[in-house]
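Heads up: the structure comes next, in structure tokens.
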Amino acid sequence: MTADTLLSLRGVHTHIGAYHILHGVDFDVPTGEVTMLLGRNGAGKTTTLRTIMGLWPASRGEVRFDGRPVNGGTARLATPDIAQLGIAYVPENMGIFGDLSVRENLLLAARGARTLADIDTGRLDWLLGLFPAIRRFWLHPAGKLSGGQKQMLAICRAMVEPRRLLLIDEPSKGLAPAIVQNLVAALRELKSTRTTVLLVEQNFAMARALGDRVAVMDDGRVVHRGRMDELAQDEGLQQRLLGLALGAHQ
Amino acid sequence: MLETRNLGIRFGGHVAVDRVSCAFRPGTLTAIVGPNGAGKTTYFNLVSGQLRASEGSVHLDGADITRESAPARTHRGLGRAFQLTQLFANLTVLENVRLAVQSRRREGLNLWSVWLDHRDTLERARSLVERVRLGERADVRASSLPHGDQRKLEVAMLMALEPRVYMFDEPTAGMSVDDVPVILDLIRELKSQRDKTILLVEHKMDVVRELADRIVVLHNGQLVADGEPSAVIASPVVQNAYLGLAPHAQAA
């Protein structure tokens, strides 16, 4: 691990009930970069994010955030305590509070804020500009939003305040093409403010557009680590690692 | 033929689907596109019976099914896969598909009592599980599957129902890139049967371009464009409201 590493996983194993899902996951997430976690369904990507957040205990190995052990070994921080270190997590199921309004969902995610007035208005305007539907349904119950709008709200919650690390499980899922473009632009902007990002993504075009680094998982292990631009240029490697048909992402 | 006439629903003051009239003929794959929140899934819910219409009607082969329950519509041949996956979480992959096969054959839904008598039901379920490449996970509980595999399972269950109308709501969202062609092949095969009516909500425009015979565009609950794919994709409403391209970029 170098001084520029914000998050590192070393030999992480995770068991879920009788299933042994992660078999020694190793990778680093460098500060201020976008790292893409790719791989086929069932490779262990979502379990890796959940283990980072302490939602599953690491049965062996260690997760370190900013040099501090957070999961594995003797360290077992509770998920809220891991989040308090400055990590925002957008889970695959979005975790929206359906009975609360869109506004209340956002307010809950802003840790320091008791009222909207406590939230940086410039940042809120920026977010609502990216996702106009969130502004439009501001006072509606979040449960009434469409699938794609719920995804937007989940991402807004993660971005409503600055965080050191952003973990998003499939950010582009269910989003219309215009919104995916907005999201790519937003994540680039966050990167320019030294926010560190770790994304699980199936949309290779988005992975290629955003990623600095890539880790590819298969069967509970990281089988490839490197620069995203190198993977983007190597169609043979894409085919071998991801099963991408040649020319499929053109 | 499936048809909606002035079909609409409002939630409080919000009109989610606004008097949509549209007919879908057998042998045709219609892609339904539109921005997030345009009403695509709500329209599906109205057609399949998950929601009751505030106005208008739904017709299948001449019968008015507007007042029928979702299960009654399924028995008439309307099959639906969901955007947010719906499975029996505590049953295995094979048991889920087997239930769908049994439902189609109206054998009743007892998993155990008819086990030996219905070997062909089991074989049919197994072949569908293999078709969506879940053979190795046939005995895994649905709740333990990664999301992309749950989507594949849902498609297998839809196939098991052998409906006349197939409604797919973003079938490949969250699916591994190497699994996407498996689902697209299944949809192509359904198309080739020429007697199936297929409705597909999909954001991946390369998929839409390849599969659709026709594109319907919903925007703010209204049907705003309907026609042959290349013309609809080139239309300003799709270029601006949906793809987010500036007008000068239309040729790209």
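Following the order of the structure tokens, first chain is A, next is B, and so on, with residues numbered from 1 inside each chain and ligands from 1 in the order they appear.
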
Would you kindly report the residues of chain B within 10 Å of chain A, using only C-alpha atoms, as number ranges by chain?
B: 11, 14, 16, 33-42, 83-84, 144-150, 169-170, 172-181, 202-206, 239-245

Please provide as a VMD selection string all residues within 9 Å of Cys22 (chain B), with the sequence filter that same-chain residues fewer than 3 positions apart are discarded (counting only C-alpha atoms).
chain B and resid 2 to 6 216 223 226

Filtering to C-alpha atoms, could you give me those residues as a PDB file, in the first residue's frame?
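Wrote it out as selection.pdb, contents follow:
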```
ATOM      1  CA  LEU B   2     -53.279  -6.194 -27.563  1.00  0.00           C
ATOM      2  CA  GLU B   3     -54.682  -2.703 -27.495  1.00  0.00           C
ATOM      3  CA  THR B   4     -54.985   0.173 -25.053  1.00  0.00           C
ATOM      4  CA  ARG B   5     -57.574   2.901 -25.628  1.00  0.00           C
ATOM      5  CA  ASN B   6     -57.141   6.249 -23.885  1.00  0.00           C
ATOM      6  CA  VAL B 216     -43.146   4.000 -29.195  1.00  0.00           C
ATOM      7  CA  LEU B 223     -47.372   8.856 -26.317  1.00  0.00           C
ATOM      8  CA  ASP B 226     -44.718   6.021 -32.731  1.00  0.00           C
TER       9      ASP B 226
END
```

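Our summary of the geometry notes that CA of Ala53 (chain B) is positioned 6.7 Å from CA of Leu7 (chain B).
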
Find the residues around Ser192 (chain B) up to 10 Å (only C-alpha atoms counted), leave out those fewer than 4 positions away in its own chain, and share them as an mmCIF file with C-alpha atoms, in the first residue's frame.
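Okay, result_32.cif is ready:
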```
data_model
loop_
_atom_site.group_PDB
_atom_site.id
_atom_site.type_symbol
_atom_site.label_atom_id
_atom_site.label_comp_id
_atom_site.auth_asym_id
_atom_site.auth_seq_id
_atom_site.Cartn_x
_atom_site.Cartn_y
_atom_site.Cartn_z
ATOM 1 C CA GLY B 27 -45.302 -10.956 -34.778
ATOM 2 C CA THR B 28 -44.143 -7.463 -33.879
ATOM 3 C CA LEU B 186 -34.137 -15.740 -26.508
ATOM 4 C CA ILE B 187 -36.005 -12.603 -27.535
ATOM 5 C CA ARG B 188 -34.878 -13.080 -31.163
ATOM 6 C CA LYS B 196 -45.851 -13.556 -30.361
#
```

In region 200-241 of chain B, DSSP strand (DSSP E) residues written as a PyMOL selection string
chain B and resi 200-201+214-219+222-227

All residues 10 Å or closer to region 212-225 of chain A, only C-alpha atoms, same chain fewer than 6 positions away omitted, as a VMD selection string
chain A and resid 11 to 14 20 to 30 32 to 45 47 to 48 197 to 200 231 237 to 238 241 to 242

Generate the output file for the selected residues, C-alpha atoms, as a short mmCIF file (atom, residue, chain, number, x, y, z; two decimals), in the first residue's frame.
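Full text of result.cif as output:
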```
data_model
loop_
_atom_site.label_atom_id
_atom_site.label_comp_id
_atom_site.auth_asym_id
_atom_site.auth_seq_id
_atom_site.Cartn_x
_atom_site.Cartn_y
_atom_site.Cartn_z
CA GLY A 11 -6.64 -11.40 1.15
CA VAL A 12 -10.27 -10.72 2.00
CA HIS A 13 -12.51 -13.75 2.40
CA THR A 14 -16.24 -13.44 2.97
CA HIS A 20 -17.82 -18.98 0.55
CA ILE A 21 -18.10 -15.96 -1.77
CA LEU A 22 -14.80 -14.05 -1.62
CA HIS A 23 -11.63 -16.12 -1.81
CA GLY A 24 -8.88 -13.66 -1.01
CA VAL A 25 -9.62 -10.32 -2.67
CA ASP A 26 -6.64 -8.00 -3.12
CA PHE A 27 -6.74 -4.53 -4.61
CA ASP A 28 -6.04 -0.87 -3.84
CA VAL A 29 -8.15 2.19 -4.56
CA PRO A 30 -5.85 5.20 -5.07
CA GLY A 32 -8.55 10.94 -6.18
CA GLU A 33 -9.01 8.34 -8.90
CA VAL A 34 -11.92 6.37 -10.27
CA THR A 35 -11.48 2.61 -9.89
CA MET A 36 -13.85 0.31 -11.77
CA LEU A 37 -14.67 -3.08 -10.31
CA LEU A 38 -15.74 -5.27 -13.23
CA GLY A 39 -16.63 -8.93 -13.71
CA ARG A 40 -19.41 -11.31 -14.58
CA ASN A 41 -22.55 -11.81 -12.48
CA GLY A 42 -21.65 -13.81 -9.42
CA ALA A 43 -17.96 -12.83 -9.50
CA GLY A 44 -18.27 -11.22 -6.04
CA LYS A 45 -18.39 -7.49 -6.86
CA THR A 47 -20.16 -8.80 -1.89
CA THR A 48 -16.86 -6.90 -2.06
CA VAL A 197 -14.63 6.67 -6.46
CA LEU A 198 -15.08 2.90 -6.65
CA LEU A 199 -17.77 1.77 -9.11
CA VAL A 200 -19.21 -1.62 -9.96
CA LEU A 231 -7.93 -2.69 -20.85
CA LEU A 237 -8.17 -9.14 -22.75
CA GLN A 238 -11.73 -7.81 -22.58
CA LEU A 241 -11.82 -11.34 -18.69
CA LEU A 242 -15.32 -10.08 -19.29
#
```

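Residue nearest Thr79 (chain A), chosen from A:Met53, A:Leu106, A:Leu130, A:Met206 and counting only C-alpha atoms: A:Met53.
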
9 Å contact set for Ile155 (chain A), only C-alpha atoms, chain neighbours under 5 positions out, as a VMD selection string:
chain A and resid 89 to 90 94 150 160 168 171

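Every protein or nucleic acid residue with an atom no more than 7 Å from Ala138 (chain B), counting only C-alpha atoms and leaving out same-chain residues fewer than 5 positions away, appears here: Thr92, Val93, Leu94 and Val129 of chain B.
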
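We find CA of Pro163 (chain B) and CA of Arg10 (chain B) to be spaced 28.7 Å apart.
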
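You can rank B:Arg151, B:Arg164, B:Arg104, B:Arg98 by their closest distance to Leu78 (chain B) using only C-alpha atoms, and at the top of that list sits B:Arg164.
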
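Distances to Leu124 (chain A) were evaluated for A:Thr195, A:Asp99, A:Leu108, A:Arg157 using only C-alpha atoms, and the minimum falls at A:Arg157.
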
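The nearest approach to Thr193 (chain A) among the residues A:Ala58, A:Val63, A:Ser8, A:Thr31, with only C-alpha atoms taken into account, belongs to A:Thr31.
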
Report as a PDB file with N, CA and C atoms, in the first residue's frame all protein, DNA and RNA residues lying within 10 Å of Leu91 (chain B), evaluated on only C-alpha atoms, omitting residues in the same chain fewer than 4 positions from it.
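Output file out11.pdb follows:
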```
ATOM      1  N   LEU B  87     -39.355 -12.626  -7.451  1.00  0.00           N
ATOM      2  CA  LEU B  87     -39.151 -14.074  -7.437  1.00  0.00           C
ATOM      3  C   LEU B  87     -39.608 -14.625  -6.096  1.00  0.00           C
ATOM      4  N   GLU B  95     -36.964 -24.635  -8.624  1.00  0.00           N
ATOM      5  CA  GLU B  95     -38.325 -24.625  -8.061  1.00  0.00           C
ATOM      6  C   GLU B  95     -39.122 -23.426  -8.568  1.00  0.00           C
ATOM      7  N   ASN B  96     -38.468 -22.296  -8.681  1.00  0.00           N
ATOM      8  CA  ASN B  96     -39.154 -21.117  -9.216  1.00  0.00           C
ATOM      9  C   ASN B  96     -39.667 -21.384 -10.629  1.00  0.00           C
ATOM     10  N   VAL B  97     -38.785 -21.932 -11.474  1.00  0.00           N
ATOM     11  CA  VAL B  97     -39.179 -22.157 -12.871  1.00  0.00           C
ATOM     12  C   VAL B  97     -40.240 -23.257 -12.939  1.00  0.00           C
ATOM     13  N   LEU B  99     -42.484 -23.946 -10.743  1.00  0.00           N
ATOM     14  CA  LEU B  99     -43.788 -23.378 -10.389  1.00  0.00           C
ATOM     15  C   LEU B  99     -44.425 -22.679 -11.576  1.00  0.00           C
ATOM     16  N   ASP B 139     -29.894 -25.407  -8.086  1.00  0.00           N
ATOM     17  CA  ASP B 139     -30.323 -25.739  -6.728  1.00  0.00           C
ATOM     18  C   ASP B 139     -29.994 -24.643  -5.713  1.00  0.00           C
ATOM     19  N   VAL B 140     -29.619 -23.476  -6.222  1.00  0.00           N
ATOM     20  CA  VAL B 140     -29.324 -22.344  -5.339  1.00  0.00           C
ATOM     21  C   VAL B 140     -30.617 -21.574  -5.079  1.00  0.00           C
ATOM     22  N   ARG B 141     -30.785 -21.119  -3.854  1.00  0.00           N
ATOM     23  CA  ARG B 141     -31.959 -20.299  -3.538  1.00  0.00           C
ATOM     24  C   ARG B 141     -31.959 -19.012  -4.349  1.00  0.00           C
ATOM     25  N   ALA B 142     -33.122 -18.589  -4.789  1.00  0.00           N
ATOM     26  CA  ALA B 142     -33.212 -17.376  -5.607  1.00  0.00           C
ATOM     27  C   ALA B 142     -32.628 -16.172  -4.872  1.00  0.00           C
ATOM     28  N   SER B 143     -32.833 -16.132  -3.542  1.00  0.00           N
ATOM     29  CA  SER B 143     -32.348 -14.966  -2.793  1.00  0.00           C
ATOM     30  C   SER B 143     -30.826 -14.904  -2.755  1.00  0.00           C
TER      31      SER B 143
END
```

Length of the CA of Ser192 (chain A) to CA of Pro69 (chain A) vector [Å]
27.1 Å

As a ChimeraX atom specification, which residues of region 13-131 of chain B does DSSP assign to alpha helix (DSSP H)?
/B:40-48,70-76,93-105,119-131

Residue with smallest distance to Ala160 (chain B) - pool B:Gly227, B:Leu184, B:Ser103, B:Glu210, counting only C-alpha atoms
B:Ser103
